[in-house]
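**Student:** What follows is work.txt, compact mmCIF, C-alpha atoms.
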# COMPACT_ATOMS: atom_id res chain seq x y z
CA MET F 1 -0.75 17.24 23.64
CA THR F 2 1.16 16.34 26.77
CA GLU F 3 3.06 13.11 26.96
CA GLN F 4 1.23 10.63 29.12
CA VAL F 5 2.75 7.76 30.96
CA ARG F 6 1.13 4.67 29.57
CA PRO F 7 0.41 1.87 32.00
CA ASP F 8 1.69 -1.65 31.56
CA LEU F 9 -0.66 -4.58 31.12
CA VAL F 10 0.21 -7.84 32.77
CA ILE F 11 -1.90 -10.97 32.68
CA SER F 12 -0.55 -13.90 34.65
CA GLY F 13 -2.52 -17.04 34.91
CA MET F 14 -5.87 -16.47 33.35
CA GLY F 15 -7.42 -13.13 32.62
CA SER F 16 -8.81 -10.69 30.16
CA ALA F 17 -8.36 -7.02 29.52
CA SER F 18 -9.69 -4.33 27.26
CA GLY F 19 -7.59 -2.79 24.53
CA GLY F 20 -6.18 0.70 24.43
CA ASP F 21 -2.82 2.38 24.87
CA TYR F 22 -0.28 0.58 26.98
CA GLY F 23 3.40 0.59 27.67
CA LYS F 24 4.40 -3.02 27.86
CA VAL F 25 1.93 -5.83 27.45
CA ARG F 26 2.83 -9.19 28.93
CA ILE F 27 0.65 -12.25 28.90
CA GLU F 28 1.73 -15.35 30.75
CA GLY F 29 -0.74 -18.14 30.78
CA THR F 30 -4.01 -17.54 29.03
CA GLY F 31 -5.10 -14.05 28.17
CA LYS F 32 -7.73 -12.31 26.16
CA VAL F 33 -7.70 -8.72 24.98
CA ASP F 34 -10.80 -7.05 23.58
CA GLY F 35 -10.52 -4.19 21.15
CA ASP F 36 -7.56 -2.57 19.49
CA LEU F 37 -4.25 -2.58 21.26
CA SER F 38 -1.46 -0.10 20.83
CA CYS F 39 1.68 -0.42 22.91
CA GLU F 40 5.46 -0.45 23.05
CA SER F 41 5.81 -4.19 23.21
CA ILE F 42 3.75 -7.33 23.36
CA GLN F 43 5.15 -10.41 25.00
CA VAL F 44 3.14 -13.59 25.15
CA SER F 45 4.10 -16.90 26.61
CA GLY F 46 1.12 -19.17 26.57
CA MET F 47 -2.11 -18.54 24.79
CA ALA F 48 -3.62 -15.26 23.76
CA ALA F 49 -6.77 -14.26 21.93
CA MET F 50 -6.86 -10.80 20.43
CA GLY F 51 -10.15 -9.11 19.62
CA GLY F 52 -8.76 -6.24 17.57
CA ASN F 53 -5.81 -4.82 15.73
CA MET F 54 -2.42 -4.71 17.39
CA THR F 55 0.22 -2.05 16.92
CA ALA F 56 3.44 -2.45 18.81
CA GLY F 57 7.12 -1.67 18.63
CA ARG F 58 8.03 -5.22 19.36
CA PHE F 59 6.05 -8.44 19.31
CA GLU F 60 7.30 -11.61 20.87
CA LEU F 61 5.39 -14.84 21.20
CA GLN F 62 6.05 -18.24 22.62
CA GLY F 63 2.91 -20.25 22.34
CA LYS F 64 -0.23 -19.54 20.45
CA LEU F 65 -2.05 -16.42 19.44
CA THR F 66 -5.28 -16.02 17.55
CA GLY F 67 -6.64 -12.70 16.46
CA VAL F 68 -9.45 -11.24 14.41
CA GLY F 69 -7.49 -8.15 13.39
CA SER F 70 -4.05 -7.29 12.07
CA LEU F 71 -0.65 -7.04 13.66
CA LYS F 72 1.83 -4.27 12.98
CA ALA F 73 5.17 -4.19 14.77
CA ASN F 74 8.77 -3.34 13.97
CA THR F 75 10.10 -6.68 15.05
CA VAL F 76 7.93 -9.75 15.13
CA ASP F 77 9.31 -12.85 16.75
CA ILE F 78 7.04 -15.88 16.64
CA GLU F 79 7.77 -19.21 18.21
CA GLY F 80 4.68 -21.28 18.00
CA HIS F 81 1.44 -20.66 16.24
CA VAL F 82 -0.16 -17.45 15.04
CA ASN F 83 -3.53 -17.25 13.37
CA LEU F 84 -4.73 -13.83 12.24
CA ARG F 85 -7.70 -12.77 10.20
CA GLY F 86 -6.06 -9.52 9.12
CA ARG F 87 -2.60 -8.73 7.83
CA LEU F 88 0.85 -8.85 9.32
CA GLN F 89 3.24 -5.96 8.85
CA GLY F 90 6.70 -5.50 10.25
CA ASP F 91 10.29 -4.65 9.48
CA ASP F 92 11.73 -7.87 10.75
CA ILE F 93 9.56 -10.95 10.94
CA SER F 94 11.04 -14.13 12.26
CA LEU F 95 8.88 -17.21 12.46
CA THR F 96 9.54 -20.56 14.00
CA GLY F 97 6.36 -22.54 13.82
CA ILE F 98 3.16 -21.88 11.98
CA LEU F 99 1.66 -18.69 10.64
CA LYS F 100 -1.84 -18.44 9.26
CA LEU F 101 -3.02 -15.20 7.73
CA GLN F 102 -6.08 -14.22 5.78
CA GLY F 103 -4.56 -10.94 4.66
CA ASP F 104 -1.18 -9.89 3.28
CA CYS F 105 2.18 -10.18 4.95
CA GLU F 106 4.60 -7.29 4.45
CA ALA F 107 8.10 -6.97 5.86
CA GLU F 108 11.60 -5.88 5.04
CA ARG F 109 12.92 -9.24 6.18
CA PHE F 110 10.84 -12.38 6.51
CA ALA F 111 12.60 -15.42 7.89
CA ALA F 112 10.58 -18.55 8.47
CA HIS F 113 11.36 -21.95 9.89
CA GLY F 114 8.20 -23.92 9.66
CA GLY F 115 5.02 -23.63 7.72
CA PHE F 116 2.61 -20.92 6.77
CA ALA F 117 -0.64 -20.27 4.98
CA ILE F 118 -1.01 -16.74 3.69
CA GLN F 119 -4.12 -16.07 1.69
CA GLY F 120 -2.87 -12.74 0.43
CA LEU F 121 0.49 -11.52 -0.84
CA LEU F 122 3.75 -12.25 0.89
CA ASN F 123 5.83 -9.17 0.16
CA ALA F 124 9.26 -8.69 1.70
CA GLY F 125 12.66 -7.36 0.77
CA THR F 126 14.38 -10.55 1.83
CA ILE F 127 12.39 -13.73 2.10
CA ASP F 128 14.17 -16.66 3.63
CA ILE F 129 12.06 -19.76 4.08
CA HIS F 130 13.17 -23.03 5.61
CA LEU F 131 10.29 -25.35 4.94
CA HIS F 132 9.36 -27.68 7.74
CA GLY F 133 5.81 -28.21 6.64
CA ARG F 134 3.42 -26.85 4.15
CA GLY F 135 3.87 -23.32 2.90
CA GLU F 136 1.11 -21.56 1.05
CA ALA F 137 0.72 -18.06 -0.28
CA ALA F 138 -1.37 -16.60 -3.06
CA GLU F 139 1.58 -14.58 -4.33
CA ILE F 140 5.14 -13.94 -3.27
CA GLY F 141 7.09 -10.84 -4.22
CA GLY F 142 10.33 -9.24 -3.13
CA GLU F 143 13.98 -8.66 -3.87
CA THR F 144 15.67 -11.81 -2.63
CA ILE F 145 13.54 -14.91 -2.27
CA ARG F 146 15.07 -18.09 -0.97
CA VAL F 147 13.16 -21.27 -0.26
CA ARG F 148 14.99 -24.24 1.23
CA LYS F 149 13.94 -27.66 2.28
CA PRO F 150 16.29 -28.72 5.02
CA GLU F 151 17.35 -32.19 6.00
CA ARG F 152 14.61 -33.80 8.02
CA GLN F 153 16.68 -34.82 11.00
CA SER F 154 18.11 -31.42 11.64
CA TRP F 155 15.02 -30.21 13.47
CA GLY F 156 13.54 -31.77 16.52
CA GLY F 157 11.78 -30.48 19.54
CA LEU F 158 9.07 -27.93 19.14
CA LEU F 159 8.63 -28.19 15.42
CA ARG F 160 8.10 -31.87 15.21
CA ARG F 161 5.36 -31.64 17.77
CA LEU F 162 3.71 -28.65 16.16
CA ILE F 163 3.72 -29.70 12.56
CA PRO F 164 2.24 -32.90 11.32
CA ALA F 165 4.78 -34.89 9.39
CA PHE F 166 3.79 -34.31 5.83
CA ASN F 167 6.17 -33.59 3.06
CA PRO F 168 7.42 -30.01 3.22
CA ARG F 169 6.32 -28.12 0.13
CA LEU F 170 5.65 -24.54 -0.89
CA THR F 171 2.62 -23.90 -3.06
CA THR F 172 1.94 -20.54 -4.61
CA GLY F 173 0.48 -18.88 -7.68
CA THR F 174 3.24 -16.49 -8.67
CA ILE F 175 6.70 -15.68 -7.37
CA GLU F 176 8.29 -12.45 -8.50
CA GLY F 177 11.67 -11.22 -7.36
CA ASP F 178 15.15 -10.18 -8.40
CA ASP F 179 17.02 -13.12 -6.95
CA VAL F 180 14.94 -16.25 -6.67
CA HIS F 181 16.20 -19.55 -5.29
CA LEU F 182 13.62 -22.28 -4.91
CA GLU F 183 13.42 -25.82 -3.63
CA ALA F 184 10.39 -28.06 -3.24
CA THR F 185 8.09 -25.47 -4.71
CA THR F 186 4.96 -25.72 -6.82
CA ALA F 187 4.21 -22.48 -8.60
CA GLY F 188 2.31 -21.27 -11.61
CA ILE F 189 4.67 -18.54 -12.69
CA VAL F 190 8.14 -17.54 -11.48
CA ARG F 191 9.57 -14.26 -12.68
CA GLY F 192 12.93 -12.75 -11.88
CA SER F 193 16.34 -11.76 -13.11
CA HIS F 194 18.41 -14.47 -11.44
CA VAL F 195 16.32 -17.58 -11.08
CA HIS F 196 17.53 -20.79 -9.56
CA ILE F 197 15.06 -23.66 -9.65
CA GLY F 198 16.20 -26.36 -7.26
CA GLU F 199 15.32 -29.89 -6.40
CA GLY F 200 11.71 -30.99 -6.44
CA CYS F 201 10.20 -27.91 -8.02
CA GLU F 202 7.17 -27.95 -10.29
CA ILE F 203 6.88 -24.72 -12.21
CA ARG F 204 4.55 -24.06 -15.11
CA LEU F 205 6.31 -21.00 -16.49
CA VAL F 206 9.59 -19.28 -15.70
CA GLU F 207 10.30 -15.83 -17.08
CA TYR F 208 13.85 -14.69 -16.42
CA ARG F 209 16.01 -11.76 -17.39
CA THR F 210 19.63 -12.65 -16.73
CA GLU F 211 20.11 -16.28 -15.80
CA LEU F 212 18.19 -19.44 -15.15
CA ILE F 213 19.55 -22.57 -13.53
CA VAL F 214 17.34 -25.62 -13.31
CA HIS F 215 18.15 -28.64 -11.19
CA PRO F 216 17.80 -31.98 -13.03
CA ASP F 217 15.18 -33.07 -10.51
CA ALA F 218 13.01 -30.07 -11.18
CA ASN F 219 10.21 -29.78 -13.64
CA VAL F 220 9.79 -26.55 -15.56
CA ALA F 221 7.15 -26.73 -18.27
CA LYS F 222 8.06 -23.54 -20.08
CA ARG F 223 10.99 -21.11 -19.94
CA VAL F 224 11.04 -17.67 -21.47
CA LYS F 225 13.94 -15.25 -21.50
CA ILE F 226 12.83 -11.64 -21.53
CA MET J 1 -14.49 5.93 -19.77
CA ASP J 2 -11.98 3.13 -19.65
CA THR J 3 -8.56 4.06 -18.44
CA GLU J 4 -5.69 2.63 -20.39
CA LEU J 5 -3.92 -0.16 -18.55
CA ILE J 6 -0.37 -1.42 -18.63
CA SER J 7 0.71 -4.89 -17.54
CA LYS J 8 3.30 -5.31 -14.84
CA LYS J 9 5.77 -6.88 -17.23
CA ASP J 10 5.51 -4.04 -19.75
CA LEU J 11 5.78 -1.52 -16.98
CA LEU J 12 9.02 -2.97 -15.63
CA GLU J 13 10.49 -3.08 -19.10
CA LEU J 14 9.41 0.42 -20.00
CA MET J 15 10.65 2.05 -16.82
CA ASN J 16 13.65 -0.28 -16.48
CA ILE J 17 12.95 -1.27 -12.89
CA SER J 18 12.98 -4.65 -11.20
CA TYR J 19 10.30 -6.65 -9.42
CA GLY J 20 12.11 -6.03 -6.15
CA GLN J 21 11.86 -2.29 -6.54
CA LEU J 22 8.21 -2.43 -7.42
CA TYR J 23 7.40 -4.58 -4.39
CA ARG J 24 9.49 -2.36 -2.12
CA TRP J 25 7.63 0.72 -3.29
CA LYS J 26 4.36 -1.02 -2.75
CA ARG J 27 5.40 -1.88 0.80
CA LYS J 28 6.34 1.72 1.44
CA GLN J 29 2.95 2.72 0.07
CA LEU J 30 4.46 4.78 -2.70
CA ILE J 31 2.08 3.03 -5.06
CA PRO J 32 -1.51 2.84 -3.86
CA GLU J 33 -3.04 -0.57 -3.51
CA GLU J 34 -6.00 0.35 -5.73
CA TRP J 35 -3.68 0.66 -8.69
CA PHE J 36 -2.89 -3.03 -8.63
CA ILE J 37 -5.64 -4.35 -10.85
CA ARG J 38 -5.92 -8.08 -11.23
CA LYS J 39 -7.16 -9.50 -14.46
CA SER J 40 -7.11 -12.97 -15.81
CA THR J 41 -5.25 -13.52 -19.03
CA PHE J 42 -4.34 -16.61 -20.96
CA THR J 43 -1.27 -17.13 -18.76
CA GLY J 44 -3.33 -16.95 -15.59
CA GLN J 45 -3.72 -13.93 -13.36
CA GLU J 46 -1.82 -10.82 -14.27
CA THR J 47 -1.50 -7.49 -12.58
CA PHE J 48 -2.24 -4.31 -14.46
CA PHE J 49 -1.90 -0.64 -13.62
CA PRO J 50 -3.64 2.51 -14.83
CA LYS J 51 -1.03 3.55 -17.35
CA ALA J 52 -0.92 7.33 -17.18
CA GLN J 53 -0.94 7.40 -13.40
CA ILE J 54 1.61 4.70 -12.74
CA LEU J 55 4.07 6.00 -15.32
CA SER J 56 4.10 9.47 -13.90
CA ARG J 57 4.23 8.15 -10.33
CA ILE J 58 7.19 5.89 -11.03
CA GLY J 59 8.92 8.65 -12.94
CA LYS J 60 8.59 10.81 -9.86
CA ILE J 61 9.87 8.12 -7.54
CA ILE J 62 12.89 7.46 -9.72
CA ALA J 63 13.66 11.16 -9.92
CA MET J 64 13.44 11.60 -6.16
CA LYS J 65 14.88 8.38 -4.84
CA ASP J 66 18.50 9.35 -5.29
CA ASP J 67 18.24 12.39 -3.06
CA LEU J 68 15.64 11.26 -0.56
CA SER J 69 14.99 8.16 1.47
CA LEU J 70 11.91 6.18 0.49
CA ASP J 71 10.05 7.34 3.57
CA GLU J 72 10.68 10.93 2.59
CA VAL J 73 9.51 10.21 -0.92
CA ALA J 74 6.33 8.74 0.52
CA GLY J 75 5.70 12.01 2.31
CA LYS J 76 5.96 13.93 -0.92
CA LEU J 77 3.43 11.84 -2.77
CA SER J 78 0.02 12.61 -1.41
CA PRO J 79 -2.06 9.46 -1.58
CA LEU J 80 -5.16 11.50 -2.15
CA LEU J 81 -4.07 13.32 -5.25
CA TYR J 82 -3.84 11.65 -8.56
CA ASP J 83 -0.77 12.12 -10.66
CA LEU J 84 -2.91 12.72 -13.64
CA ARG J 85 -2.26 15.74 -15.83
CA LEU J 86 -4.60 16.95 -18.50
CA ARG J 87 -4.32 19.51 -21.25
CA ARG J 88 -6.64 22.46 -21.43
CA GLU J 89 -8.63 21.08 -24.36
CA GLU J 90 -9.16 17.76 -22.61
CA ILE J 91 -10.46 19.47 -19.51
CA ILE J 92 -13.06 21.35 -21.51
CA GLU J 93 -13.91 18.41 -23.69
CA ARG J 94 -14.51 16.10 -20.77
CA ASN J 95 -16.76 18.66 -19.17
CA ILE J 96 -14.66 19.00 -16.07
CA VAL J 97 -14.45 22.76 -16.17
CA SER J 98 -16.52 24.96 -18.48
CA SER J 99 -14.68 26.80 -21.23
CA LEU J 100 -15.75 30.15 -19.83
CA VAL J 101 -14.07 29.45 -16.53
CA MET J 102 -10.99 28.07 -18.25
CA ASP J 103 -10.76 31.27 -20.27
CA ARG J 104 -11.14 33.62 -17.37
CA LEU J 105 -9.47 31.80 -14.51
CA GLY J 106 -7.51 28.92 -15.88
CA ASN J 107 -4.94 30.85 -17.80
CA ARG J 108 -2.03 29.65 -15.77
CA ALA J 109 -1.06 26.24 -17.04
CA ASP J 110 2.18 24.64 -15.97
CA GLY J 111 5.26 24.82 -18.18
CA ASP J 112 4.25 22.00 -20.52
CA GLY J 113 0.73 23.32 -21.02
CA THR J 114 -0.95 20.78 -18.74
CA TYR J 115 -2.87 21.13 -15.53
CA SER J 116 -2.08 19.15 -12.41
CA PHE J 117 -4.80 17.28 -10.59
CA GLU J 118 -4.71 19.80 -7.78
CA ARG J 119 -5.14 22.70 -10.15
CA MET J 120 -8.03 20.91 -11.82
CA LEU J 121 -9.63 20.46 -8.44
CA PHE J 122 -9.40 24.19 -7.74
CA LEU J 123 -10.86 25.10 -11.09
CA PHE J 124 -13.54 22.49 -10.74
CA THR J 125 -14.56 23.90 -7.36
CA ALA J 126 -14.64 27.42 -8.71
CA ASP J 127 -16.68 26.27 -11.67
CA LYS J 128 -19.16 24.58 -9.37
CA LEU J 129 -19.76 27.72 -7.34
CA LEU J 130 -20.01 29.85 -10.44
CA GLN J 131 -22.57 27.53 -11.98
CA THR J 132 -24.87 27.91 -9.00
CA GLY J 133 -24.68 31.66 -9.41
CA GLU J 134 -23.57 32.17 -5.85
CA MET J 135 -20.23 33.56 -6.81
CA ASN J 136 -19.07 36.00 -9.45
CA LEU J 137 -15.98 35.71 -11.59
CA GLU J 138 -13.96 38.20 -9.64
CA GLU J 139 -14.55 36.23 -6.48
CA GLY J 140 -13.58 33.14 -8.40
CA GLY J 141 -10.10 34.56 -8.73
CA GLN J 142 -10.04 35.18 -5.02
CA LEU J 143 -11.15 31.63 -4.38
CA LEU J 144 -8.41 30.15 -6.53
CA GLN J 145 -5.85 32.20 -4.72
CA THR J 146 -7.11 31.00 -1.35
CA LEU J 147 -7.00 27.37 -2.41
CA GLN J 148 -3.60 27.75 -3.98
CA GLU J 149 -2.15 29.23 -0.83
CA HIS J 150 -3.74 27.10 1.82
CA PHE J 151 -5.16 23.85 0.46
CA SER J 152 -1.85 21.99 0.57
CA LYS J 153 -1.50 22.80 4.28
CA PHE J 154 -4.17 20.25 5.05
CA GLU J 155 -1.88 17.60 3.58
CA GLY J 156 -4.67 15.60 2.09
CA LYS J 157 -6.89 15.63 5.15
CA GLY J 158 -10.46 16.60 4.51
CA CYS J 159 -11.34 20.26 4.67
CA ASP J 160 -14.29 22.49 3.96
CA LEU J 161 -14.39 25.61 1.92
CA VAL J 162 -16.41 28.39 3.52
CA PHE J 163 -17.67 31.28 1.48
CA ILE J 164 -19.21 34.18 3.36
CA ARG J 165 -20.43 37.63 2.56
CA LYS J 166 -21.06 40.59 4.78
CA MET J 167 -22.54 43.81 3.43
CA GLY J 168 -21.57 42.75 -0.06
CA VAL J 169 -17.94 42.04 0.79
CA SER J 170 -17.00 38.44 0.25
CA ALA J 171 -14.43 36.26 1.94
CA PHE J 172 -13.21 32.69 1.72
CA ALA J 173 -11.85 30.38 4.37
CA LEU J 174 -10.67 26.81 4.57
CA ILE J 175 -11.37 24.90 7.77
CA SER J 176 -10.80 21.34 8.75
CA ALA J 177 -13.77 19.17 7.93
CA SER J 178 -15.29 18.70 11.34
CA GLY J 179 -14.80 22.30 12.49
CA GLU J 180 -17.87 24.13 13.70
CA LEU J 181 -18.18 27.72 12.76
CA TYR J 182 -20.49 30.48 13.98
CA PHE J 183 -20.83 33.96 12.59
CA GLU J 184 -22.20 37.27 13.74
CA GLY J 185 -25.69 38.13 12.61
CA LYS J 186 -24.93 40.14 9.52
CA VAL J 187 -22.69 37.58 7.94
CA LYS J 188 -24.32 35.51 5.27
CA LEU J 189 -22.92 32.06 4.73
CA VAL J 190 -23.14 31.74 0.99
CA ALA J 191 -21.73 28.25 0.66
CA ARG J 192 -19.93 25.60 2.55
CA LEU J 193 -18.40 22.93 0.37
CA SER J 194 -16.58 19.83 1.43
CA MET J 195 -13.38 19.65 -0.57
CA THR J 196 -13.39 15.90 -0.10
CA VAL J 197 -16.73 15.68 -1.85
CA CYS J 198 -15.46 17.91 -4.65
CA LEU J 199 -12.42 15.69 -4.94
CA GLU J 200 -14.55 12.58 -5.19
CA GLU J 201 -16.77 14.20 -7.80
CA LEU J 202 -13.74 15.17 -9.82
CA LYS J 203 -12.30 11.68 -9.50
CA THR J 204 -15.45 10.11 -10.86
CA LYS J 205 -15.45 12.57 -13.73
CA LEU J 206 -11.88 11.64 -14.55
CA THR J 207 -12.27 7.91 -14.49
Could you spell out this file's structure in structure tokens?
**Tutor:**
Amino acid sequence: MTEQVRPDLVISGMGSASGGDYGKVRIEGTGKVDGDLSCESIQVSGMAAMGGNMTAGRFELQGKLTGVGSLKANTVDIEGHVNLRGRLQGDDISLTGILKLQGDCEAERFAAHGGFAIQGLLNAGTIDIHLHGRGEAAEIGGETIRVRKPERQSWGGLLRRLIPAFNPRLTTGTIEGDDVHLEATTAGIVRGSHVHIGEGCEIRLVEYRTELIVHPDANVAKRVKI
Amino acid sequence: MDTELISKKDLLELMNISYGQLYRWKRKQLIPEEWFIRKSTFTGQETFFPKAQILSRIGKIIAMKDDLSLDEVAGKLSPLLYDLRLRREEIIERNIVSSLVMDRLGNRADGDGTYSFERMLFLFTADKLLQTGEMNLEEGGQLLQTLQEHFSKFEGKGCDLVFIRKMGVSAFALISASGELYFEGKVKLVARLSMTVCLEELKTKLT
């Protein structure tokens, strides 16, 4: 097959387009794309509604995106609000804001400042979560998992407007990893080799292999060394 | 038949791997999603795996991962083919391949006396054609050779087996599933079998 030059897609202001193969996709303002989209990069500032699956080398968003499909990209950079019915896959996912997913989230690195609701599995090599709101996932698995609840004052601007001011907390069924550091987390089961349960955690069962450190302000109902 | 299951915890202990590794392999699709079986136990939800398959798959990954990158390992593990191996007696007992065919065609087991899934598929296909009486045993040998040489070239994509005869001389061919094929007048198309269908049939027999 011969290499074809793929056209760019630019929506400025308001507009809609059909999916397909593109070079660069840029949406400024309000845009709607119907059908599956495959391209080198997606850049959105403003609002976008996606009617299919997205595959891109790079995904960058400032604003809000809703989609009925999945998103797959090497680097995913979200500032704002993403709501997808499918799954999110990437090498590097960086989130500042809110992420809502009905499927799984898979990445080599997942760094989040904000809140999220993942109905499936959050699976990443390195998971680094700074909670600025509510975090929810059915399951979390990976190598290094770190959940921190930062000082409230340290974040202003965008986040405070986006996220209602409720108490930041991560809620999940199970967390499984090699290195697990948690703060402000409610979980059924936590399993890992090095487990560090920090301030404000409520864990029903911890199973650990090498070490377990529990903060005095944490509540662990049952601990088992394997 | 129920397949024997192993819990995630027991698996990690048995194979001496960590949660991180298991999740990484899942991300790289080295372990198919269907193998993660959720069941509720007294501690809540637990994940189980089909024991025979996961043990051999993880053994393979561990053996390969030192020399190859994980992406390369993924290429070596065909998602379509099970890692299951059965002994000759089991194959006959479970009615996968008739004993006659095993005697005449299935004499080449691997070193440890077991048959790989792929080999079972070939024998199963041959058995199927023999049962219908469309093919004789000699041609069965020919068929096995064709499959052995060429089936892997499709790399798990669907393909059809075409069996033709002209003036009493038989020939086999493998074509990609959607391929259309037309012959000259004297050629008789004895059978055209979808290997994907055979594979599915075999899978249901195995599970």
**Student:** Could you jot down the CA of Lys9 (chain J) to CA of Gly86 (chain F) separation for me, Å, one decimal place?
**Tutor:**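 It comes out at 29.0 Å.
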**Student:** Please, what is the axis-aligned box for every listed atom of region 38-56 of chain F with 8 Å on each side, as centre and edge lengths in Å to one decimal, as AutoDock Vina command-line options?
**Tutor:**
--center_x -2.2 --center_y -9.6 --center_z 21.2 --size_x 32.0 --size_y 35.1 --size_z 26.9
**Student:** Using only C-alpha atoms, which chain F residues lie at most 7 Å away from chain J, written as number ranges by chain?
**Tutor:** F: 106, 123, 125, 141-143, 176-178
**Student:** For Asn95 (chain J), which residue out of J:Ile54, J:Ile37, J:Leu11, J:Leu206 is the nearest one, using only C-alpha atoms?
**Tutor:**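 Closest residue, counting only C-alpha atoms: J:Leu206.
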**Student:** Just the residues within 10 Å of Thr75 (chain F), please, counting all atoms listed in the file, with nothing from its chain fewer than 3 positions along; format it as a PyMOL selection string.
**Tutor:** chain F and resi 41+56-60+72+78+89-94+107+109
